[in-house]
$ cat query30.pdb   # PDB, C-alpha atoms, pLDDT in the B column
MODEL        1
ATOM      1  CA  MET A   1       0.000   0.000   0.000  1.00 95.00           C
ATOM      2  CA  ASN A   2       1.090   3.548  -0.687  1.00 97.00           C
ATOM      3  CA  THR A   3       1.920   5.301   2.578  1.00 98.00           C
ATOM      4  CA  ILE A   4       3.293   8.596   3.844  1.00 97.00           C
ATOM      5  CA  GLU A   5       5.253   8.933   7.090  1.00 98.00           C
ATOM      6  CA  ARG A   6       5.689  12.055   9.175  1.00 98.00           C
ATOM      7  CA  GLY A   7       7.100  12.797  12.619  1.00 97.00           C
ATOM      8  CA  THR A   8       8.829  10.714  15.282  1.00 97.00           C
ATOM      9  CA  GLY A   9       7.815   8.742  18.343  1.00 95.00           C
ATOM     10  CA  ARG A  10       5.314   5.950  18.845  1.00 96.00           C
ATOM     11  CA  THR A  11       3.547   5.053  15.606  1.00 98.00           C
ATOM     12  CA  LEU A  12       0.010   6.145  14.836  1.00 98.00           C
ATOM     13  CA  LEU A  13      -1.658   4.569  11.783  1.00 98.00           C
ATOM     14  CA  LEU A  14      -4.382   6.524   9.954  1.00 98.00           C
ATOM     15  CA  ILE A  15      -7.054   4.806   7.809  1.00 98.00           C
ATOM     16  CA  HIS A  16      -9.201   7.024   5.555  1.00 98.00           C
ATOM     17  CA  GLY A  17     -12.769   6.489   4.375  1.00 98.00           C
ATOM     18  CA  LEU A  18     -14.523   5.547   1.150  1.00 98.00           C
ATOM     19  CA  GLY A  19     -13.171   7.473  -1.843  1.00 96.00           C
ATOM     20  CA  GLY A  20     -10.479   9.175   0.233  1.00 97.00           C
ATOM     21  CA  SER A  21      -6.703   8.888   0.516  1.00 97.00           C
ATOM     22  CA  TRP A  22      -3.976   9.814   2.970  1.00 98.00           C
ATOM     23  CA  ARG A  23      -4.715  13.416   2.018  1.00 97.00           C
ATOM     24  CA  SER A  24      -8.081  13.177   3.796  1.00 97.00           C
ATOM     25  CA  TRP A  25      -6.093  13.770   7.012  1.00 98.00           C
ATOM     26  CA  SER A  26      -4.359  16.922   5.753  1.00 97.00           C
ATOM     27  CA  THR A  27      -6.169  19.194   8.232  1.00 97.00           C
ATOM     28  CA  ILE A  28      -4.619  17.410  11.223  1.00 98.00           C
ATOM     29  CA  LEU A  29      -1.538  15.666   9.849  1.00 98.00           C
ATOM     30  CA  ASP A  30       0.969  18.335  10.883  1.00 97.00           C
ATOM     31  CA  SER A  31      -0.432  18.573  14.425  1.00 98.00           C
ATOM     32  CA  LEU A  32      -0.421  14.804  14.918  1.00 98.00           C
ATOM     33  CA  SER A  33       3.075  14.375  13.490  1.00 98.00           C
ATOM     34  CA  ALA A  34       4.407  17.005  15.888  1.00 97.00           C
ATOM     35  CA  ALA A  35       3.673  14.545  18.693  1.00 97.00           C
ATOM     36  CA  ARG A  36       3.819  11.084  17.068  1.00 98.00           C
ATOM     37  CA  LYS A  37       5.215   9.172  14.127  1.00 98.00           C
ATOM     38  CA  VAL A  38       2.259   9.123  11.770  1.00 98.00           C
ATOM     39  CA  ILE A  39       1.722   6.642   8.942  1.00 98.00           C
ATOM     40  CA  ALA A  40      -1.238   7.355   6.666  1.00 98.00           C
ATOM     41  CA  VAL A  41      -2.161   4.802   4.012  1.00 98.00           C
ATOM     42  CA  ASP A  42      -4.007   4.801   0.720  1.00 98.00           C
ATOM     43  CA  LEU A  43      -6.364   1.835   0.891  1.00 98.00           C
ATOM     44  CA  PRO A  44      -6.273  -0.555  -2.101  1.00 98.00           C
ATOM     45  CA  GLY A  45      -8.191   0.993  -4.993  1.00 97.00           C
ATOM     46  CA  HIS A  46      -7.756   4.471  -3.503  1.00 97.00           C
ATOM     47  CA  GLY A  47      -5.154   7.174  -4.043  1.00 96.00           C
ATOM     48  CA  ALA A  48      -1.907   5.685  -5.337  1.00 97.00           C
ATOM     49  CA  THR A  49      -2.575   2.098  -4.211  1.00 98.00           C
ATOM     50  CA  PRO A  50      -3.758  -0.299  -6.931  1.00 97.00           C
ATOM     51  CA  ALA A  51      -6.871  -2.345  -6.255  1.00 97.00           C
ATOM     52  CA  GLU A  52      -6.571  -5.994  -5.300  1.00 96.00           C
ATOM     53  CA  PRO A  53      -9.078  -8.606  -6.523  1.00 96.00           C
ATOM     54  CA  ASP A  54     -11.235  -8.220  -3.387  1.00 97.00           C
ATOM     55  CA  SER A  55     -10.836  -4.464  -2.855  1.00 98.00           C
ATOM     56  CA  GLY A  56     -14.478  -3.848  -3.774  1.00 97.00           C
ATOM     57  CA  THR A  57     -15.592  -5.449  -0.518  1.00 98.00           C
ATOM     58  CA  PHE A  58     -15.292  -4.365   3.093  1.00 98.00           C
ATOM     59  CA  ASP A  59     -13.826  -7.710   4.146  1.00 98.00           C
ATOM     60  CA  GLY A  60     -11.254  -7.455   1.368  1.00 98.00           C
ATOM     61  CA  LEU A  61     -10.050  -4.070   2.586  1.00 98.00           C
ATOM     62  CA  VAL A  62      -9.852  -5.271   6.183  1.00 98.00           C
ATOM     63  CA  GLY A  63      -7.724  -8.196   5.043  1.00 98.00           C
ATOM     64  CA  SER A  64      -5.415  -5.885   3.110  1.00 98.00           C
ATOM     65  CA  VAL A  65      -4.894  -3.597   6.120  1.00 98.00           C
ATOM     66  CA  GLU A  66      -4.352  -6.540   8.461  1.00 98.00           C
ATOM     67  CA  ARG A  67      -1.707  -8.005   6.139  1.00 98.00           C
ATOM     68  CA  TYR A  68      -0.017  -4.611   5.866  1.00 98.00           C
ATOM     69  CA  ILE A  69       0.155  -4.295   9.663  1.00 98.00           C
ATOM     70  CA  VAL A  70       1.633  -7.761  10.064  1.00 97.00           C
ATOM     71  CA  ASP A  71       4.091  -7.433   7.173  1.00 97.00           C
ATOM     72  CA  ALA A  72       5.277  -4.000   8.377  1.00 97.00           C
ATOM     73  CA  GLY A  73       5.869  -5.287  11.908  1.00 97.00           C
ATOM     74  CA  LEU A  74       3.169  -3.001  13.314  1.00 97.00           C
ATOM     75  CA  ALA A  75       1.128  -5.497  15.365  1.00 96.00           C
ATOM     76  CA  GLY A  76      -0.426  -3.631  18.299  1.00 97.00           C
ATOM     77  CA  VAL A  77      -0.113  -0.244  16.585  1.00 98.00           C
ATOM     78  CA  ASP A  78      -2.420   2.589  17.640  1.00 98.00           C
ATOM     79  CA  VAL A  79      -4.937   3.290  14.879  1.00 98.00           C
ATOM     80  CA  VAL A  80      -7.340   6.042  13.870  1.00 98.00           C
ATOM     81  CA  GLY A  81     -10.019   5.533  11.245  1.00 98.00           C
ATOM     82  CA  SER A  82     -12.602   7.757   9.591  1.00 98.00           C
ATOM     83  CA  SER A  83     -15.981   6.607   8.221  1.00 98.00           C
ATOM     84  CA  MET A  84     -15.345   3.301   6.400  1.00 98.00           C
ATOM     85  CA  GLY A  85     -11.822   3.446   7.831  1.00 98.00           C
ATOM     86  CA  ALA A  86     -13.336   3.789  11.307  1.00 98.00           C
ATOM     87  CA  ARG A  87     -15.260   0.584  10.761  1.00 98.00           C
ATOM     88  CA  ILE A  88     -12.040  -1.065   9.560  1.00 98.00           C
ATOM     89  CA  VAL A  89     -10.197  -0.145  12.770  1.00 98.00           C
ATOM     90  CA  LEU A  90     -13.105  -1.415  14.890  1.00 98.00           C
ATOM     91  CA  GLU A  91     -12.965  -4.731  13.028  1.00 98.00           C
ATOM     92  CA  LEU A  92      -9.206  -4.871  13.627  1.00 98.00           C
ATOM     93  CA  ALA A  93      -9.895  -4.201  17.315  1.00 98.00           C
ATOM     94  CA  ARG A  94     -12.317  -7.121  17.328  1.00 98.00           C
ATOM     95  CA  ARG A  95      -9.620  -9.321  15.791  1.00 98.00           C
ATOM     96  CA  GLY A  96      -7.016  -8.209  18.332  1.00 97.00           C
ATOM     97  CA  VAL A  97      -4.599  -6.842  15.724  1.00 96.00           C
ATOM     98  CA  VAL A  98      -4.203  -3.277  17.031  1.00 98.00           C
ATOM     99  CA  GLY A  99      -3.528  -1.290  20.192  1.00 98.00           C
ATOM    100  CA  ASN A 100      -5.460   1.859  21.068  1.00 98.00           C
ATOM    101  CA  VAL A 101      -8.275   2.692  18.659  1.00 98.00           C
ATOM    102  CA  VAL A 102     -10.052   5.906  17.654  1.00 98.00           C
ATOM    103  CA  ALA A 103     -13.019   5.408  15.307  1.00 98.00           C
ATOM    104  CA  LEU A 104     -14.496   8.625  13.883  1.00 98.00           C
ATOM    105  CA  ASP A 105     -18.103   8.278  12.673  1.00 98.00           C
ATOM    106  CA  PRO A 106     -17.832   4.590  11.733  1.00 98.00           C
ATOM    107  CA  GLY A 107     -20.064   2.998   9.154  1.00 97.00           C
ATOM    108  CA  GLY A 108     -21.598  -0.413   9.606  1.00 97.00           C
ATOM    109  CA  PHE A 109     -24.246   0.343  12.227  1.00 98.00           C
ATOM    110  CA  TRP A 110     -27.156   1.284   9.973  1.00 96.00           C
ATOM    111  CA  ARG A 111     -30.413  -0.681  10.050  1.00 96.00           C
ATOM    112  CA  GLY A 112     -33.599  -0.858   7.975  1.00 96.00           C
ATOM    113  CA  TRP A 113     -34.260   2.292   5.982  1.00 97.00           C
ATOM    114  CA  GLU A 114     -30.882   3.701   7.052  1.00 97.00           C
ATOM    115  CA  ARG A 115     -29.167   1.191   4.763  1.00 96.00           C
ATOM    116  CA  THR A 116     -31.247   2.366   1.815  1.00 96.00           C
ATOM    117  CA  PHE A 117     -30.596   5.979   2.765  1.00 96.00           C
ATOM    118  CA  PHE A 118     -26.842   5.377   2.812  1.00 96.00           C
ATOM    119  CA  ARG A 119     -26.829   3.457  -0.472  1.00 96.00           C
ATOM    120  CA  ILE A 120     -28.990   5.934  -2.394  1.00 96.00           C
ATOM    121  CA  THR A 121     -27.467   9.170  -1.112  1.00 95.00           C
ATOM    122  CA  ILE A 122     -23.792   8.274  -1.288  1.00 95.00           C
ATOM    123  CA  GLY A 123     -24.307   6.350  -4.538  1.00 94.00           C
ATOM    124  CA  ALA A 124     -25.983   9.354  -6.134  1.00 94.00           C
ATOM    125  CA  SER A 125     -23.159  11.596  -4.935  1.00 94.00           C
ATOM    126  CA  GLY A 126     -20.597   9.337  -6.572  1.00 95.00           C
ATOM    127  CA  ARG A 127     -22.449   9.331  -9.885  1.00 95.00           C
ATOM    128  CA  LEU A 128     -22.889  13.111  -9.827  1.00 95.00           C
ATOM    129  CA  LEU A 129     -19.212  13.713  -9.129  1.00 95.00           C
ATOM    130  CA  ARG A 130     -18.164  11.467 -12.003  1.00 96.00           C
ATOM    131  CA  THR A 131     -20.462  13.414 -14.315  1.00 96.00           C
ATOM    132  CA  ILE A 132     -19.187  16.852 -13.313  1.00 95.00           C
ATOM    133  CA  ARG A 133     -15.568  15.850 -12.702  1.00 95.00           C
ATOM    134  CA  PRO A 134     -14.022  18.394 -15.142  1.00 95.00           C
ATOM    135  CA  SER A 135     -15.727  21.204 -13.211  1.00 96.00           C
ATOM    136  CA  LEU A 136     -14.712  20.075  -9.721  1.00 95.00           C
ATOM    137  CA  PRO A 137     -11.682  22.398  -9.295  1.00 94.00           C
ATOM    138  CA  ALA A 138     -13.758  25.468 -10.099  1.00 95.00           C
ATOM    139  CA  LEU A 139     -16.730  24.311  -8.014  1.00 96.00           C
ATOM    140  CA  SER A 140     -14.443  23.663  -5.057  1.00 95.00           C
ATOM    141  CA  ARG A 141     -13.290  27.278  -5.065  1.00 95.00           C
ATOM    142  CA  ASN A 142     -16.841  28.604  -4.687  1.00 95.00           C
ATOM    143  CA  ALA A 143     -18.373  28.591  -1.195  1.00 95.00           C
ATOM    144  CA  ALA A 144     -21.923  28.079  -2.475  1.00 96.00           C
ATOM    145  CA  SER A 145     -21.047  25.083  -4.633  1.00 95.00           C
ATOM    146  CA  ARG A 146     -18.882  23.602  -1.859  1.00 94.00           C
ATOM    147  CA  THR A 147     -21.897  23.819   0.403  1.00 94.00           C
ATOM    148  CA  ALA A 148     -24.155  22.112  -2.125  1.00 94.00           C
ATOM    149  CA  LEU A 149     -21.708  19.290  -2.831  1.00 94.00           C
ATOM    150  CA  LEU A 150     -20.657  18.561   0.760  1.00 94.00           C
ATOM    151  CA  ALA A 151     -23.802  19.341   2.750  1.00 93.00           C
ATOM    152  CA  GLN A 152     -24.147  15.672   3.744  1.00 94.00           C
ATOM    153  CA  LEU A 153     -20.553  15.374   4.954  1.00 96.00           C
ATOM    154  CA  SER A 154     -19.694  18.635   6.702  1.00 97.00           C
ATOM    155  CA  ALA A 155     -21.481  20.879   9.182  1.00 96.00           C
ATOM    156  CA  ARG A 156     -19.751  23.913   7.635  1.00 95.00           C
ATOM    157  CA  PRO A 157     -18.810  23.040   4.044  1.00 95.00           C
ATOM    158  CA  TRP A 158     -18.565  26.693   3.002  1.00 95.00           C
ATOM    159  CA  ALA A 159     -15.683  27.147   5.477  1.00 95.00           C
ATOM    160  CA  LEU A 160     -13.576  24.219   4.234  1.00 96.00           C
ATOM    161  CA  ASP A 161     -10.317  24.766   2.384  1.00 95.00           C
ATOM    162  CA  ALA A 162     -10.910  24.772  -1.365  1.00 95.00           C
ATOM    163  CA  GLN A 163      -7.896  22.566  -2.115  1.00 94.00           C
ATOM    164  CA  LEU A 164      -8.997  19.984   0.461  1.00 95.00           C
ATOM    165  CA  VAL A 165     -12.450  19.908  -1.106  1.00 96.00           C
ATOM    166  CA  ALA A 166     -11.064  19.589  -4.633  1.00 95.00           C
ATOM    167  CA  THR A 167      -8.794  16.718  -3.599  1.00 95.00           C
ATOM    168  CA  GLU A 168     -11.558  14.828  -1.811  1.00 95.00           C
ATOM    169  CA  LEU A 169     -14.110  15.260  -4.584  1.00 96.00           C
ATOM    170  CA  GLU A 170     -11.537  14.179  -7.171  1.00 95.00           C
ATOM    171  CA  GLY A 171     -10.854  11.062  -5.131  1.00 94.00           C
ATOM    172  CA  LEU A 172     -14.537  10.249  -4.797  1.00 94.00           C
ATOM    173  CA  SER A 173     -15.009  10.666  -8.542  1.00 95.00           C
ATOM    174  CA  THR A 174     -12.052   8.471  -9.554  1.00 95.00           C
ATOM    175  CA  THR A 175     -12.189   5.571  -7.080  1.00 96.00           C
ATOM    176  CA  ARG A 176     -12.990   2.631  -9.339  1.00 94.00           C
ATOM    177  CA  THR A 177     -14.174   0.411  -6.499  1.00 97.00           C
ATOM    178  CA  PHE A 178     -16.576   3.079  -5.205  1.00 97.00           C
ATOM    179  CA  ASP A 179     -19.863   1.538  -6.411  1.00 97.00           C
ATOM    180  CA  ALA A 180     -18.835  -1.985  -5.396  1.00 97.00           C
ATOM    181  CA  LEU A 181     -17.917  -0.784  -1.909  1.00 98.00           C
ATOM    182  CA  VAL A 182     -21.181   1.121  -1.522  1.00 97.00           C
ATOM    183  CA  HIS A 183     -23.010  -2.130  -2.338  1.00 97.00           C
ATOM    184  CA  SER A 184     -20.830  -4.146   0.039  1.00 97.00           C
ATOM    185  CA  LEU A 185     -21.270  -1.700   2.900  1.00 97.00           C
ATOM    186  CA  ALA A 186     -25.015  -1.242   2.379  1.00 96.00           C
ATOM    187  CA  THR A 187     -25.913  -4.911   2.022  1.00 96.00           C
ATOM    188  CA  GLY A 188     -23.368  -6.607   4.270  1.00 96.00           C
ATOM    189  CA  PRO A 189     -23.873  -7.582   7.907  1.00 96.00           C
ATOM    190  CA  GLU A 190     -23.857  -5.036  10.711  1.00 97.00           C
ATOM    191  CA  GLN A 191     -20.493  -4.532  12.385  1.00 98.00           C
ATOM    192  CA  THR A 192     -20.029  -6.715  15.446  1.00 98.00           C
ATOM    193  CA  GLY A 193     -17.784  -6.537  18.497  1.00 97.00           C
ATOM    194  CA  PRO A 194     -16.538  -6.571  21.135  1.00 98.00           C
ATOM    195  CA  ALA A 195     -12.890  -5.593  21.017  1.00 98.00           C
ATOM    196  CA  ALA A 196     -10.434  -8.378  21.800  1.00 98.00           C
ATOM    197  CA  ALA A 197      -8.944  -8.452  25.281  1.00 97.00           C
ATOM    198  CA  SER A 198      -5.540  -7.511  23.844  1.00 96.00           C
ATOM    199  CA  THR A 199      -6.909  -4.290  22.323  1.00 98.00           C
ATOM    200  CA  GLY A 200      -6.131  -1.089  24.176  1.00 97.00           C
ATOM    201  CA  ARG A 201      -8.438   1.850  24.744  1.00 98.00           C
ATOM    202  CA  VAL A 202     -11.301   2.228  22.242  1.00 98.00           C
ATOM    203  CA  VAL A 203     -12.811   5.677  21.642  1.00 98.00           C
ATOM    204  CA  ILE A 204     -15.686   6.208  19.207  1.00 98.00           C
ATOM    205  CA  GLY A 205     -16.127   9.800  18.046  1.00 98.00           C
ATOM    206  CA  TRP A 206     -19.342  11.014  16.394  1.00 98.00           C
ATOM    207  CA  GLY A 207     -20.394  14.309  14.874  1.00 98.00           C
ATOM    208  CA  ARG A 208     -23.715  15.585  16.213  1.00 98.00           C
ATOM    209  CA  HIS A 209     -24.577  16.784  12.704  1.00 98.00           C
ATOM    210  CA  ASP A 210     -23.530  13.661  10.790  1.00 98.00           C
ATOM    211  CA  ARG A 211     -25.975  13.286   7.886  1.00 96.00           C
ATOM    212  CA  LEU A 212     -24.467  10.075   6.498  1.00 96.00           C
ATOM    213  CA  CYS A 213     -23.885   7.850   9.520  1.00 97.00           C
ATOM    214  CA  LEU A 214     -26.717   9.233  11.623  1.00 97.00           C
ATOM    215  CA  PRO A 215     -26.002  10.072  15.287  1.00 98.00           C
ATOM    216  CA  ARG A 216     -28.602   7.527  16.451  1.00 98.00           C
ATOM    217  CA  GLN A 217     -26.204   4.809  15.255  1.00 98.00           C
ATOM    218  CA  ALA A 218     -23.644   5.746  17.908  1.00 98.00           C
ATOM    219  CA  ALA A 219     -25.606   3.854  20.553  1.00 97.00           C
ATOM    220  CA  ARG A 220     -25.393   0.675  18.455  1.00 98.00           C
ATOM    221  CA  ALA A 221     -21.654   1.095  18.029  1.00 98.00           C
ATOM    222  CA  GLN A 222     -21.197   1.473  21.757  1.00 96.00           C
ATOM    223  CA  ALA A 223     -23.417  -1.548  22.420  1.00 97.00           C
ATOM    224  CA  ALA A 224     -21.283  -3.643  20.048  1.00 98.00           C
ATOM    225  CA  PHE A 225     -18.099  -2.391  21.738  1.00 98.00           C
ATOM    226  CA  PRO A 226     -19.211  -2.000  25.363  1.00 97.00           C
ATOM    227  CA  THR A 227     -15.773  -1.025  26.668  1.00 96.00           C
ATOM    228  CA  ALA A 228     -15.568   1.863  24.202  1.00 98.00           C
ATOM    229  CA  GLU A 229     -15.881   5.489  25.243  1.00 98.00           C
ATOM    230  CA  LEU A 230     -18.137   7.743  23.179  1.00 98.00           C
ATOM    231  CA  HIS A 231     -17.057  11.292  22.361  1.00 98.00           C
ATOM    232  CA  TRP A 232     -19.491  13.711  20.733  1.00 98.00           C
ATOM    233  CA  PHE A 233     -18.162  16.401  18.404  1.00 98.00           C
ATOM    234  CA  GLU A 234     -20.908  18.944  18.977  1.00 98.00           C
ATOM    235  CA  GLY A 235     -20.164  21.167  15.966  1.00 97.00           C
ATOM    236  CA  SER A 236     -19.193  18.513  13.451  1.00 98.00           C
ATOM    237  CA  GLY A 237     -20.642  16.597  10.565  1.00 98.00           C
ATOM    238  CA  HIS A 238     -19.336  13.271   9.250  1.00 98.00           C
ATOM    239  CA  PHE A 239     -15.661  14.289   9.287  1.00 98.00           C
ATOM    240  CA  PRO A 240     -14.549  15.810  12.618  1.00 98.00           C
ATOM    241  CA  MET A 241     -11.018  16.324  11.291  1.00 98.00           C
ATOM    242  CA  TRP A 242     -12.510  18.749   8.753  1.00 97.00           C
ATOM    243  CA  ASP A 243     -15.051  20.574  10.918  1.00 98.00           C
ATOM    244  CA  MET A 244     -13.275  20.492  14.307  1.00 98.00           C
ATOM    245  CA  PRO A 245      -9.594  19.737  13.644  1.00 98.00           C
ATOM    246  CA  ALA A 246      -8.178  21.004  16.936  1.00 98.00           C
ATOM    247  CA  GLU A 247     -10.613  18.971  19.025  1.00 98.00           C
ATOM    248  CA  THR A 248     -10.021  15.922  16.821  1.00 98.00           C
ATOM    249  CA  VAL A 249      -6.256  16.131  17.409  1.00 98.00           C
ATOM    250  CA  ALA A 250      -6.806  16.484  21.139  1.00 98.00           C
ATOM    251  CA  VAL A 251      -9.107  13.443  21.247  1.00 98.00           C
ATOM    252  CA  ILE A 252      -6.703  11.315  19.196  1.00 98.00           C
ATOM    253  CA  LEU A 253      -3.629  12.178  21.216  1.00 98.00           C
ATOM    254  CA  ASP A 254      -5.415  11.752  24.548  1.00 97.00           C
ATOM    255  CA  SER A 255      -6.946   8.430  23.489  1.00 97.00           C
ATOM    256  CA  THR A 256      -3.675   6.932  22.274  1.00 97.00           C
ATOM    257  CA  ARG A 257      -1.182   8.274  24.832  1.00 91.00           C
TER     258      ARG A 257
ENDMDL
END
$ encode --input "query30.pdb" --output "structure tokens"
Amino acid sequence: MNTIERGTGRTLLLIHGLGGSWRSWSTILDSLSAARKVIAVDLPGHGATPAEPDSGTFDGLVGSVERYIVDAGLAGVDVVGSSMGARIVLELARRGVVGNVVALDPGGFWRGWERTFFRITIGASGRLLRTIRPSLPALSRNAASRTALLAQLSARPWALDAQLVATELEGLSTTRTFDALVHSLATGPEQTGPAAASTGRVVIGWGRHDRLCLPRQAARAQAAFPTAELHWFEGSGHFPMWDMPAETVAVILDSTR
């Protein structure tokens, strides 16, 4: 897998969400790497990492990350995940592969109509972005169009950095496994726990204004991982590292110290 490494100290592994890349962490990467050695990966089929035969499934991505951790000699590493990546780190916690865990707005806890809501809304977003891809740089520079395109993912999309938005939308529009992963996530089983006894501290963070993984799902996540602590990001949408970067850094560093 393509990775970037920054900083020194105990290692912290960052796992991005669907359609993202290591650049999804750009708002907090410098602050984290000032205190820790940070490794951020591009999941298979994302960023600069080629897809593997099973990279269009959630289980396939989990297997790829688990093999990377073992092969890199990182067993017991502290991990942070966002969205789909947050579900990946919770699954790794269940398997006993990792140390301390921070899961930011994890997928995998939707039920009933929430599954359909996820599949239709995020699927439609992916199709729209592929259609308007040539216009994405210009649209990202305009506060009104940023707001329209990212209203489901950010509590304050108009305030986001234009380059961050352009990079994320480009990634969403070019991830070839996007539709397959949406299907896998929407139709697969609900995420189960608990964390293995060897896993360290587990903290689940959730944005109060998350319009993709709805806040009501946080209770299910905590029920599946009963030893986990729940932290609410009061002013955030689906990506706390975008909407509340300083608080996100503080939560991560405190949870993995």
$ atom_distance --input "query30.pdb" --atom1 "CA of Pro215 in chain A" --atom2 "CA of Gly107 in chain A"
11.1 Å
$ axis_aligned_box --input "query30.pdb" --around "range 195-206 of chain A" --padding-each-side "4 Å" --output "lines of an AutoDock Vina configuration file"
center_x = -12.4
center_y = 1.3
center_z = 20.8
size_x = 21.8
size_y = 27.5
size_z = 16.9
$ closest_residue --input "query30.pdb" --among "A:Ala228, A:Leu90, A:Ala162, A:Val251" --to "Arg201 in chain A" --atoms "all atoms listed in the file"
A:Ala228
$ closest_residue --input "query30.pdb" --among "A:Thr187, A:Ser83, A:Thr177, A:Thr11" --to "Ile69 in chain A" --atoms "all atoms listed in the file"
A:Thr11
$ atom_distance --input "query30.pdb" --atom1 "CA of Trp110 in chain A" --atom2 "CA of Phe58 in chain A"
14.8 Å
$ closest_atom_pairs --input "query30.pdb" --of "range 55-83 of chain A" --to "range 34-43 of chain A" --cutoff "9 Å" --atoms "all atoms listed in the file" --output "JSON lines"
{"residue": "A:Ser55", "atom": "CA", "partner": "A:Leu43", "partner_atom": "CA", "distance": 8.6}
{"residue": "A:Leu61", "atom": "CA", "partner": "A:Leu43", "partner_atom": "CA", "distance": 7.2}
{"residue": "A:Ser64", "atom": "CA", "partner": "A:Leu43", "partner_atom": "CA", "distance": 8.1}
{"residue": "A:Val65", "atom": "CA", "partner": "A:Leu43", "partner_atom": "CA", "distance": 7.7}
$ resolve_selection --input "query30.pdb" --expression "the PyMOL selection byres ((chain A and resi 54) around 12)" --output "number ranges by chain"
A: 43-45, 50-53, 55-64, 177, 180-181, 184
$ closest_residue --input "query30.pdb" --among "A:Ala224, A:Ala155, A:Ala143, A:Leu172" --to "Pro194 in chain A" --atoms "all atoms listed in the file"
A:Ala224
$ resolve_selection --input "query30.pdb" --expression "the PyMOL selection byres ((chain A and resi 205) around 9)" --output "ChimeraX atom specification"
/A:102-106,203-204,206-207,218,229-233,240,248,251
$ atom_distance --input "query30.pdb" --atom1 "CA of Ile122 in chain A" --atom2 "CA of Arg67 in chain A"
28.4 Å
$ resolve_selection --input "query30.pdb" --expression "the PyMOL selection byres ((chain A and resi 14-25) around 6)" --output "number ranges by chain"
A: 13, 26-29, 40-42, 47, 79-85, 171-172, 175
$ closest_residue --input "query30.pdb" --among "A:Arg176, A:Arg216, A:His183, A:Arg6" --to "Arg130 in chain A" --atoms "all atoms listed in the file"
A:Arg176
$ closest_residue --input "query30.pdb" --among "A:Phe178, A:Pro157, A:Ala148, A:Ala219" --to "Arg119 in chain A" --atoms "all atoms listed in the file"
A:Phe178
$ closest_residue --input "query30.pdb" --among "A:Arg115, A:Leu160, A:Ser135, A:Glu168" --to "Thr147 in chain A" --atoms "only C-alpha atoms"
A:Leu160
$ residues_near_point --input "query30.pdb" --point "(-14.0, -1.3, 23.0)" --cutoff "12 Å" --atoms "all atoms listed in the file" --output "PyMOL selection string"
chain A and resi 89-96+98-103+192-204+221-230
$ residues_around --input "query30.pdb" --residues "Leu136 in chain A" --least-positions-apart "2" --cutoff "9 Å" --atoms "only C-alpha atoms" --output "list of chain:residue names"
A:Leu129, A:Ile132, A:Arg133, A:Pro134, A:Ala138, A:Leu139, A:Ser140, A:Arg141, A:Val165, A:Ala166, A:Leu169, A:Glu170
